[in-house]
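Raw contents of entry_24.cif, mmCIF, C-alpha atoms:
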```
data_run
#
loop_
_atom_site.group_PDB
_atom_site.id
_atom_site.type_symbol
_atom_site.label_atom_id
_atom_site.label_comp_id
_atom_site.auth_asym_id
_atom_site.auth_seq_id
_atom_site.Cartn_x
_atom_site.Cartn_y
_atom_site.Cartn_z
ATOM 1 C CA MET A 1 7.057 -43.211 11.755
ATOM 2 C CA PRO A 2 4.370 -44.824 14.007
ATOM 3 C CA LYS A 3 0.839 -43.612 13.373
ATOM 4 C CA ARG A 4 0.393 -42.419 16.979
ATOM 5 C CA ARG A 5 3.557 -40.306 16.792
ATOM 6 C CA LEU A 6 2.453 -38.850 13.452
ATOM 7 C CA TRP A 7 -0.877 -37.788 14.976
ATOM 8 C CA ARG A 8 0.882 -36.311 17.982
ATOM 9 C CA ASP A 9 3.315 -34.301 15.842
ATOM 10 C CA THR A 10 0.436 -33.073 13.678
ATOM 11 C CA LEU A 11 -1.513 -32.001 16.767
ATOM 12 C CA VAL A 12 1.505 -30.157 18.159
ATOM 13 C CA ALA A 13 1.963 -28.372 14.835
ATOM 14 C CA TYR A 14 -1.681 -27.255 14.801
ATOM 15 C CA LEU A 15 -1.435 -26.091 18.418
ATOM 16 C CA PHE A 16 1.555 -23.894 17.519
ATOM 17 C CA CYS A 17 -0.429 -22.456 14.585
ATOM 18 C CA ALA A 18 -3.606 -22.021 16.639
ATOM 19 C CA PRO A 19 -2.851 -18.472 17.934
ATOM 20 C CA ALA A 20 -2.199 -17.175 14.414
ATOM 21 C CA TYR A 21 -5.308 -18.888 13.044
ATOM 22 C CA THR A 22 -7.363 -17.533 15.941
ATOM 23 C CA VAL A 23 -6.223 -13.968 15.282
ATOM 24 C CA PHE A 24 -6.941 -14.413 11.551
ATOM 25 C CA VAL A 25 -10.445 -15.762 12.130
ATOM 26 C CA LEU A 26 -11.428 -13.217 14.814
ATOM 27 C CA PHE A 27 -9.917 -10.064 13.336
ATOM 28 C CA ILE A 28 -9.850 -10.692 9.561
ATOM 29 C CA PHE A 29 -12.162 -13.457 8.362
ATOM 30 C CA ILE A 30 -15.176 -12.733 10.589
ATOM 31 C CA PRO A 31 -15.030 -8.923 9.984
ATOM 32 C CA ILE A 32 -14.959 -9.554 6.209
ATOM 33 C CA ILE A 33 -18.036 -11.773 6.395
ATOM 34 C CA TRP A 34 -19.753 -9.319 8.761
ATOM 35 C CA ALA A 35 -18.993 -6.420 6.400
ATOM 36 C CA LEU A 36 -20.504 -8.356 3.497
ATOM 37 C CA PHE A 37 -23.608 -9.017 5.605
ATOM 38 C CA LEU A 38 -23.972 -5.353 6.629
ATOM 39 C CA SER A 39 -23.567 -4.144 3.040
ATOM 40 C CA PHE A 40 -27.093 -5.417 2.344
ATOM 41 C CA TYR A 41 -28.571 -3.138 5.019
ATOM 42 C CA ASP A 42 -29.240 0.569 5.453
ATOM 43 C CA PHE A 43 -28.208 1.815 8.901
ATOM 44 C CA ASN A 44 -26.244 4.426 10.844
ATOM 45 C CA ILE A 45 -24.959 4.786 14.407
ATOM 46 C CA MET A 46 -28.443 5.433 15.795
ATOM 47 C CA THR A 47 -30.144 2.585 13.913
ATOM 48 C CA PHE A 48 -27.312 0.039 14.145
ATOM 49 C CA LEU A 49 -29.382 -2.382 16.219
ATOM 50 C CA PHE A 50 -32.376 -2.093 13.867
ATOM 51 C CA PRO A 51 -30.985 -1.947 10.309
ATOM 52 C CA ASP A 52 -33.257 -1.983 7.263
ATOM 53 C CA PHE A 53 -32.643 -4.756 4.771
ATOM 54 C CA VAL A 54 -32.251 -3.216 1.290
ATOM 55 C CA GLY A 55 -30.756 -6.124 -0.625
ATOM 56 C CA LEU A 56 -28.517 -5.056 -3.494
ATOM 57 C CA ARG A 57 -29.615 -1.412 -3.397
ATOM 58 C CA ASN A 58 -26.278 -0.222 -1.977
ATOM 59 C CA TYR A 59 -24.387 -1.956 -4.771
ATOM 60 C CA GLN A 60 -26.800 -0.641 -7.393
ATOM 61 C CA LYS A 61 -26.196 2.852 -6.068
ATOM 62 C CA LEU A 62 -22.463 2.428 -6.635
ATOM 63 C CA PHE A 63 -22.933 2.110 -10.392
ATOM 64 C CA THR A 64 -24.741 5.444 -10.614
ATOM 65 C CA ASP A 65 -22.651 7.341 -8.056
ATOM 66 C CA ARG A 66 -20.305 9.575 -10.078
ATOM 67 C CA TYR A 67 -18.318 10.462 -6.971
ATOM 68 C CA PHE A 68 -17.600 6.796 -6.311
ATOM 69 C CA TRP A 69 -16.215 6.396 -9.831
ATOM 70 C CA LEU A 70 -14.226 9.605 -9.442
ATOM 71 C CA ALA A 71 -12.758 8.299 -6.176
ATOM 72 C CA LEU A 72 -11.921 4.994 -7.891
ATOM 73 C CA LYS A 73 -10.239 6.885 -10.730
ATOM 74 C CA ASN A 74 -8.236 9.015 -8.279
ATOM 75 C CA THR A 75 -7.155 5.895 -6.403
ATOM 76 C CA ALA A 76 -6.017 4.235 -9.635
ATOM 77 C CA VAL A 77 -4.132 7.379 -10.725
ATOM 78 C CA PHE A 78 -2.382 7.608 -7.370
ATOM 79 C CA SER A 79 -1.471 3.922 -7.489
ATOM 80 C CA LEU A 80 -0.124 4.162 -11.049
ATOM 81 C CA MET A 81 2.150 7.029 -10.038
ATOM 82 C CA TYR A 82 3.141 5.941 -6.547
ATOM 83 C CA VAL A 83 3.803 2.202 -6.959
ATOM 84 C CA PRO A 84 6.388 2.244 -9.798
ATOM 85 C CA ILE A 85 8.197 5.343 -8.497
ATOM 86 C CA SER A 86 8.380 4.002 -4.944
ATOM 87 C CA MET A 87 9.568 0.553 -6.028
ATOM 88 C CA LEU A 88 12.064 1.889 -8.564
ATOM 89 C CA ALA A 89 13.519 4.337 -6.040
ATOM 90 C CA GLY A 90 13.802 1.537 -3.489
ATOM 91 C CA LEU A 91 15.572 -0.711 -6.001
ATOM 92 C CA VAL A 92 17.999 1.976 -7.188
ATOM 93 C CA PHE A 93 19.022 2.972 -3.670
ATOM 94 C CA ALA A 94 19.284 -0.690 -2.650
ATOM 95 C CA LEU A 95 21.691 -1.332 -5.533
ATOM 96 C CA ILE A 96 23.744 1.732 -4.589
ATOM 97 C CA LEU A 97 23.819 1.040 -0.844
ATOM 98 C CA HIS A 98 24.550 -2.661 -1.351
ATOM 99 C CA GLU A 99 28.058 -1.660 -2.410
ATOM 100 C CA ARG A 100 30.701 -1.140 0.253
ATOM 101 C CA PHE A 101 31.802 2.451 0.889
ATOM 102 C CA PRO A 102 32.451 4.627 3.973
ATOM 103 C CA GLY A 103 29.288 5.806 5.708
ATOM 104 C CA ARG A 104 27.063 3.265 3.990
ATOM 105 C CA ASN A 105 25.107 2.410 7.142
ATOM 106 C CA ILE A 106 24.491 6.089 7.884
ATOM 107 C CA PHE A 107 22.965 6.566 4.421
ATOM 108 C CA ARG A 108 20.848 3.437 4.880
ATOM 109 C CA LEU A 109 19.557 4.701 8.211
ATOM 110 C CA SER A 110 18.812 8.209 6.942
ATOM 111 C CA ILE A 111 16.783 6.838 4.023
ATOM 112 C CA PHE A 112 14.879 4.359 6.192
ATOM 113 C CA ILE A 113 13.998 6.802 8.995
ATOM 114 C CA PRO A 114 10.965 8.345 7.181
ATOM 115 C CA SER A 115 9.369 4.879 7.080
ATOM 116 C CA VAL A 116 9.061 4.788 10.865
ATOM 117 C CA ILE A 117 7.859 8.371 11.290
ATOM 118 C CA SER A 118 4.176 8.732 12.143
ATOM 119 C CA MET A 119 2.118 9.366 9.014
ATOM 120 C CA VAL A 120 0.207 12.086 10.859
ATOM 121 C CA VAL A 121 3.423 13.913 11.801
ATOM 122 C CA ALA A 122 4.863 13.538 8.305
ATOM 123 C CA SER A 123 1.639 14.861 6.754
ATOM 124 C CA ILE A 124 1.604 17.938 8.986
ATOM 125 C CA VAL A 125 5.266 18.707 8.259
ATOM 126 C CA TRP A 126 4.791 18.305 4.508
ATOM 127 C CA MET A 127 1.631 20.417 4.619
ATOM 128 C CA LEU A 128 3.771 23.233 6.027
ATOM 129 C CA ILE A 129 6.481 22.640 3.424
ATOM 130 C CA LEU A 130 3.935 22.725 0.583
ATOM 131 C CA SER A 131 2.004 25.650 2.029
ATOM 132 C CA PRO A 132 0.757 28.080 -0.671
ATOM 133 C CA GLY A 133 2.183 31.527 -1.184
ATOM 134 C CA SER A 134 5.645 32.488 -0.017
ATOM 135 C CA SER A 135 5.249 30.939 3.442
ATOM 136 C CA GLY A 136 5.901 27.382 2.282
ATOM 137 C CA LEU A 137 9.452 26.056 2.092
ATOM 138 C CA ALA A 138 8.867 24.625 -1.406
ATOM 139 C CA ASN A 139 7.750 27.990 -2.752
ATOM 140 C CA ARG A 140 10.652 29.741 -1.034
ATOM 141 C CA PHE A 141 12.964 27.353 -2.858
ATOM 142 C CA LEU A 142 11.289 28.202 -6.161
ATOM 143 C CA GLY A 143 11.493 31.912 -5.340
ATOM 144 C CA ALA A 144 15.255 31.637 -4.827
ATOM 145 C CA PHE A 145 15.518 30.733 -8.533
ATOM 146 C CA GLY A 146 13.089 33.425 -9.639
ATOM 147 C CA LEU A 147 10.199 31.023 -10.195
ATOM 148 C CA GLU A 148 6.625 31.791 -9.229
ATOM 149 C CA SER A 149 4.926 30.180 -6.251
ATOM 150 C CA ARG A 150 2.613 27.222 -6.812
ATOM 151 C CA GLY A 151 -0.429 26.019 -4.951
ATOM 152 C CA TRP A 152 0.902 22.528 -4.365
ATOM 153 C CA LEU A 153 -2.142 21.391 -2.407
ATOM 154 C CA SER A 154 -4.729 23.859 -3.733
ATOM 155 C CA GLU A 155 -4.331 23.298 -7.486
ATOM 156 C CA SER A 156 -6.169 20.304 -8.941
ATOM 157 C CA ARG A 157 -3.297 19.472 -11.294
ATOM 158 C CA LEU A 158 -0.665 19.471 -8.533
ATOM 159 C CA ALA A 159 -2.507 18.182 -5.465
ATOM 160 C CA MET A 160 -2.361 14.464 -6.296
ATOM 161 C CA PHE A 161 1.229 14.741 -7.518
ATOM 162 C CA SER A 162 2.155 16.396 -4.218
ATOM 163 C CA ILE A 163 0.578 13.543 -2.276
ATOM 164 C CA VAL A 164 2.568 11.079 -4.390
ATOM 165 C CA ILE A 165 5.809 12.924 -3.553
ATOM 166 C CA VAL A 166 5.042 12.730 0.157
ATOM 167 C CA MET A 167 4.204 9.024 0.054
ATOM 168 C CA VAL A 168 7.261 8.116 -2.027
ATOM 169 C CA TRP A 169 9.494 10.010 0.424
ATOM 170 C CA LYS A 170 7.782 8.230 3.297
ATOM 171 C CA ASP A 171 7.838 4.656 1.978
ATOM 172 C CA PHE A 172 10.654 4.044 -0.496
ATOM 173 C CA GLY A 173 13.113 3.488 2.352
ATOM 174 C CA TYR A 174 11.105 0.423 3.383
ATOM 175 C CA ASN A 175 11.224 -0.889 -0.197
ATOM 176 C CA MET A 176 14.966 -0.269 -0.188
ATOM 177 C CA LEU A 177 15.352 -2.338 2.977
ATOM 178 C CA ILE A 178 13.425 -5.284 1.522
ATOM 179 C CA TYR A 179 15.422 -5.140 -1.694
ATOM 180 C CA LEU A 180 18.648 -5.061 0.344
ATOM 181 C CA ALA A 181 17.532 -8.256 2.071
ATOM 182 C CA GLY A 182 16.894 -9.815 -1.338
ATOM 183 C CA LEU A 183 20.286 -8.711 -2.645
ATOM 184 C CA GLN A 184 22.063 -10.286 0.307
ATOM 185 C CA ASN A 185 20.490 -13.651 -0.585
ATOM 186 C CA ILE A 186 22.089 -13.668 -4.052
ATOM 187 C CA PRO A 187 25.283 -15.756 -4.020
ATOM 188 C CA GLU A 188 28.391 -13.671 -4.656
ATOM 189 C CA GLU A 189 29.827 -16.521 -6.751
ATOM 190 C CA LEU A 190 27.352 -15.744 -9.541
ATOM 191 C CA TYR A 191 28.713 -12.209 -9.890
ATOM 192 C CA GLN A 192 32.300 -13.438 -9.780
ATOM 193 C CA ALA A 193 31.628 -16.004 -12.521
ATOM 194 C CA ALA A 194 29.864 -13.391 -14.677
ATOM 195 C CA GLU A 195 32.771 -10.970 -14.177
ATOM 196 C CA LEU A 196 35.249 -13.629 -15.278
ATOM 197 C CA ASP A 197 33.147 -14.134 -18.416
ATOM 198 C CA GLY A 198 33.501 -10.447 -19.210
ATOM 199 C CA ALA A 199 30.008 -9.283 -18.190
ATOM 200 C CA SER A 200 29.722 -5.577 -17.453
ATOM 201 C CA LYS A 201 28.131 -4.131 -14.310
ATOM 202 C CA LEU A 202 24.912 -3.393 -16.179
ATOM 203 C CA GLN A 203 24.800 -6.887 -17.676
ATOM 204 C CA ARG A 204 25.239 -8.443 -14.246
ATOM 205 C CA ILE A 205 22.326 -6.383 -12.921
ATOM 206 C CA LEU A 206 20.071 -7.256 -15.863
ATOM 207 C CA LYS A 207 20.992 -10.948 -16.120
ATOM 208 C CA ILE A 208 21.578 -11.887 -12.472
ATOM 209 C CA THR A 209 20.251 -9.328 -10.007
ATOM 210 C CA LEU A 210 16.839 -8.506 -11.463
ATOM 211 C CA PRO A 211 15.825 -12.120 -12.282
ATOM 212 C CA LEU A 212 16.811 -13.325 -8.804
ATOM 213 C CA LEU A 213 14.930 -10.407 -7.216
ATOM 214 C CA LYS A 214 11.628 -11.457 -8.843
ATOM 215 C CA PRO A 215 10.218 -13.008 -5.625
ATOM 216 C CA THR A 216 11.116 -9.861 -3.674
ATOM 217 C CA THR A 217 9.625 -7.663 -6.383
ATOM 218 C CA PHE A 218 6.420 -9.708 -6.330
ATOM 219 C CA PHE A 219 6.125 -9.348 -2.574
ATOM 220 C CA LEU A 220 6.709 -5.596 -2.728
ATOM 221 C CA SER A 221 4.369 -5.081 -5.670
ATOM 222 C CA VAL A 222 1.509 -6.799 -3.843
ATOM 223 C CA THR A 223 2.010 -4.976 -0.545
ATOM 224 C CA THR A 224 2.681 -1.610 -2.217
ATOM 225 C CA ILE A 225 -0.429 -1.791 -4.406
ATOM 226 C CA ILE A 226 -2.570 -2.809 -1.432
ATOM 227 C CA GLY A 227 -1.126 0.091 0.552
ATOM 228 C CA SER A 228 -1.723 2.540 -2.317
ATOM 229 C CA PHE A 229 -5.403 1.590 -2.533
ATOM 230 C CA GLN A 230 -5.744 2.107 1.220
ATOM 231 C CA ILE A 231 -4.224 5.601 1.352
ATOM 232 C CA PHE A 232 -6.145 7.841 3.726
ATOM 233 C CA THR A 233 -4.154 9.784 6.340
ATOM 234 C CA PRO A 234 -2.064 12.171 4.179
ATOM 235 C CA ILE A 235 -5.060 13.077 2.024
ATOM 236 C CA TYR A 236 -7.314 13.555 5.046
ATOM 237 C CA ILE A 237 -4.796 15.865 6.729
ATOM 238 C CA MET A 238 -3.242 17.696 3.779
ATOM 239 C CA THR A 239 -6.104 18.215 1.304
ATOM 240 C CA GLY A 240 -9.268 16.782 2.843
ATOM 241 C CA GLY A 241 -9.942 15.172 -0.533
ATOM 242 C CA GLY A 242 -9.822 18.499 -2.368
ATOM 243 C CA PRO A 243 -9.569 20.767 -4.116
ATOM 244 C CA GLY A 244 -13.046 19.680 -5.098
ATOM 245 C CA TYR A 245 -12.731 15.921 -5.406
ATOM 246 C CA ALA A 246 -9.266 16.005 -7.013
ATOM 247 C CA THR A 247 -7.617 13.867 -4.301
ATOM 248 C CA THR A 248 -10.610 11.953 -2.940
ATOM 249 C CA THR A 249 -9.753 8.249 -2.926
ATOM 250 C CA LEU A 250 -11.924 5.226 -2.166
ATOM 251 C CA VAL A 251 -11.013 5.127 1.519
ATOM 252 C CA ASN A 252 -11.572 8.873 1.902
ATOM 253 C CA TYR A 253 -14.945 8.574 0.175
ATOM 254 C CA LEU A 254 -15.789 5.576 2.350
ATOM 255 C CA TYR A 255 -14.946 7.615 5.464
ATOM 256 C CA THR A 256 -17.057 10.540 4.264
ATOM 257 C CA LYS A 257 -20.062 8.343 3.602
ATOM 258 C CA GLY A 258 -19.756 6.329 6.791
ATOM 259 C CA PHE A 259 -18.660 8.830 9.437
ATOM 260 C CA GLN A 260 -19.728 12.216 8.093
ATOM 261 C CA GLU A 261 -22.919 11.460 6.167
ATOM 262 C CA PHE A 262 -23.679 8.361 8.302
ATOM 263 C CA GLU A 263 -24.613 6.151 5.329
ATOM 264 C CA MET A 264 -22.876 3.201 6.949
ATOM 265 C CA GLY A 265 -24.536 0.501 4.878
ATOM 266 C CA TYR A 266 -23.400 2.227 1.702
ATOM 267 C CA ALA A 267 -19.900 2.774 3.163
ATOM 268 C CA THR A 268 -19.720 -0.936 3.989
ATOM 269 C CA ALA A 269 -20.603 -1.778 0.384
ATOM 270 C CA ILE A 270 -17.766 0.484 -0.781
ATOM 271 C CA SER A 271 -15.363 -1.269 1.596
ATOM 272 C CA PHE A 272 -16.332 -4.682 0.253
ATOM 273 C CA VAL A 273 -15.887 -3.511 -3.332
ATOM 274 C CA LEU A 274 -12.417 -2.276 -2.333
ATOM 275 C CA PHE A 275 -11.695 -5.706 -0.837
ATOM 276 C CA VAL A 276 -12.754 -7.435 -4.068
ATOM 277 C CA ILE A 277 -10.591 -5.075 -6.159
ATOM 278 C CA LEU A 278 -7.518 -5.754 -4.016
ATOM 279 C CA LEU A 279 -8.179 -9.498 -4.040
ATOM 280 C CA GLY A 280 -8.490 -9.444 -7.818
ATOM 281 C CA LEU A 281 -5.285 -7.439 -8.254
ATOM 282 C CA THR A 282 -3.414 -9.840 -5.977
ATOM 283 C CA ILE A 283 -4.657 -12.876 -7.933
ATOM 284 C CA VAL A 284 -3.644 -11.272 -11.238
ATOM 285 C CA GLN A 285 -0.187 -10.448 -9.878
ATOM 286 C CA ARG A 286 0.182 -13.987 -8.588
ATOM 287 C CA LYS A 287 -0.657 -15.435 -11.987
ATOM 288 C CA LEU A 288 1.757 -13.069 -13.713
ATOM 289 C CA SER A 289 4.497 -14.064 -11.280
ATOM 290 C CA ARG A 290 3.763 -17.792 -11.348
ATOM 291 C CA GLY A 291 6.923 -19.789 -11.353
ATOM 292 C CA SER A 292 8.754 -17.481 -8.935
ATOM 293 C CA ASP A 293 9.402 -18.689 -5.413
ATOM 294 C CA THR A 294 8.134 -15.920 -3.153
ATOM 295 C CA VAL A 295 10.199 -14.840 -0.197
ATOM 296 C CA MET A 296 9.099 -13.172 2.992
#
```
Whole structure given in structure tokens:
Amino acid sequence: MPKRRLWRDTLVAYLFCAPAYTVFVLFIFIPIIWALFLSFYDFNIMTFLFPDFVGLRNYQKLFTDRYFWLALKNTAVFSLMYVPISMLAGLVFALILHERFPGRNIFRLSIFIPSVISMVVASIVWMLILSPGSSGLANRFLGAFGLESRGWLSESRLAMFSIVIVMVWKDFGYNMLIYLAGLQNIPEELYQAAELDGASKLQRILKITLPLLKPTTFFLSVTTIIGSFQIFTPIYIMTGGGPGYATTTLVNYLYTKGFQEFEMGYATAISFVLFVILLGLTIVQRKLSRGSDTVM
């Protein structure tokens, strides 16, 4: 290929990529750098134009802030419950709905619908369902079997579990859809050959399906963990971070510090720590999944 043509093709390729790179630089890269810069200052809405440089004081405060560590613990607990349940439910339903049977598409649609419902609307509906006393639908269901009512959102032991239930209901349909896409990329000839060799259904899943779904699982694990660490809306609407600090996560604590207590420099430091945590988790997952060709 002539050198001039090579340069021209390279230039055309970069021009096609330019809009995406522009969006990335303007709305992702620059805000990250700006957030890091602001985390070294003390300011609020009124003093935004004249911030006070405090150096590492905001980060030093993090190490002694018990509520920050409590929020980090709550975020980790939520993630440890939500991520495996959501991914496992998505995989199980994908395996079931990958088979051919009457009404399959209707079941697929009904499971996926919660994923496109507004999180605000879903949170309000579930708050009514989990309402304390006998007014909530969940407690009415328990009452029908002679069981006592529970404070799903007002008891410290149940509040986080209730949030997990809501988020799994909301999101596992999306995981199912991605797993279905991965299943459709597995050649049918592999299953037919395994069946001829006498492999059972379970053996085919363990030896063919799960290994070939590793790239899909990696993609979902990264995006699901990132999403779990960024949970905000259902907690803000349903519990407000309570009872006490039982459901306060990092993003909720960040919001409280930045937009209720107006410690915006400190809130920015929290946001950058959250960014570093997510970056570290993604790198670890990538190393653990090295050797798999990622899809999506």
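Distances here use only C-alpha atoms; by that measure, the residue among A:Leu72, A:Asn58, A:Val116, A:Leu190 closest to A:Phe43 is A:Asn58.
Computed from the coordinates, the atom CA of A:Leu212 to atom CA of A:Glu99 distance equals 17.4 Å.
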Exercise for the section: Please provide as a list in words all residues within 10 Å of A:Met160, with the sequence filter that same-chain residues fewer than 6 positions apart are discarded (counting only C-alpha atoms). Expected result: Asn74, Thr75, Val77, Phe78, Met81, Trp152, Leu153, Val166, Ile235, Thr239, Gly241, Gly242, Pro243, Ala246, Thr247 and Thr248 of chain A
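Using all atoms listed in the file, the nearest neighbour of A:Val125 within the list A:Ile237, A:Leu80, A:Ile277, A:Leu206 is A:Ile237.
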Completion exercise
Min atom-atom distance to A:Thr223 from the set A:Arg108, A:Ser79, A:Thr256, A:Ala267, counting all atoms listed in the file, belongs to A:Ser79
Handout entry: A:Met127 environment, 12 Å, all atoms listed in the file, sequence neighbours closer than 5 positions dropped, as a list in words
Key = Met119, Val120, Val121, Ala122, Pro132, Ser135, Gly136, Leu137, Ala138, Gly151, Trp152, Leu153, Ser154, Ala159, Ser162, Ile163, Ile165, Val166, Pro234, Ile235, Tyr236, Ile237, Met238, Thr239 and Gly240 of chain A
Exercise for the section: Name the residues that the PyMOL selection byres ((chain A and resi 279-287) around 10) picks from the file above, as a list in words, using the file's chain letters and numbers. Expected result: Phe218, Phe219, Ser221, Val222, Thr223, Ile225, Ile226, Val273, Leu274, Phe275, Val276, Ile277, Leu278, Leu288, Ser289, Arg290, Gly291, Ser292 and Thr294 of chain A
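Residues lying within 12 Å of stretch 192-197 of chain A, counting only C-alpha atoms and ignoring same-chain neighbours fewer than 4 positions away, are Ile186, Pro187, Glu188, Lys201, Leu202, Gln203, Arg204, Ile205, Leu206, Lys207, Ile208 and Thr209 of chain A.
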Practice task
Might you pull out every residue within 9 Å of A:Val54, with only C-alpha atoms counted and same-chain residues fewer than 2 positions away left off, and present them as a PyMOL selection string?
Solution key: chain A and resi 39-42+52+56-58
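Here atom CA of A:Gln260 is placed at a distance of 21.1 Å from atom CA of A:Leu36.
Distances to A:Tyr179 were evaluated for A:Leu88, A:Ile270, A:Ile106, A:Leu26 using only C-alpha atoms, and the minimum falls at A:Leu88.
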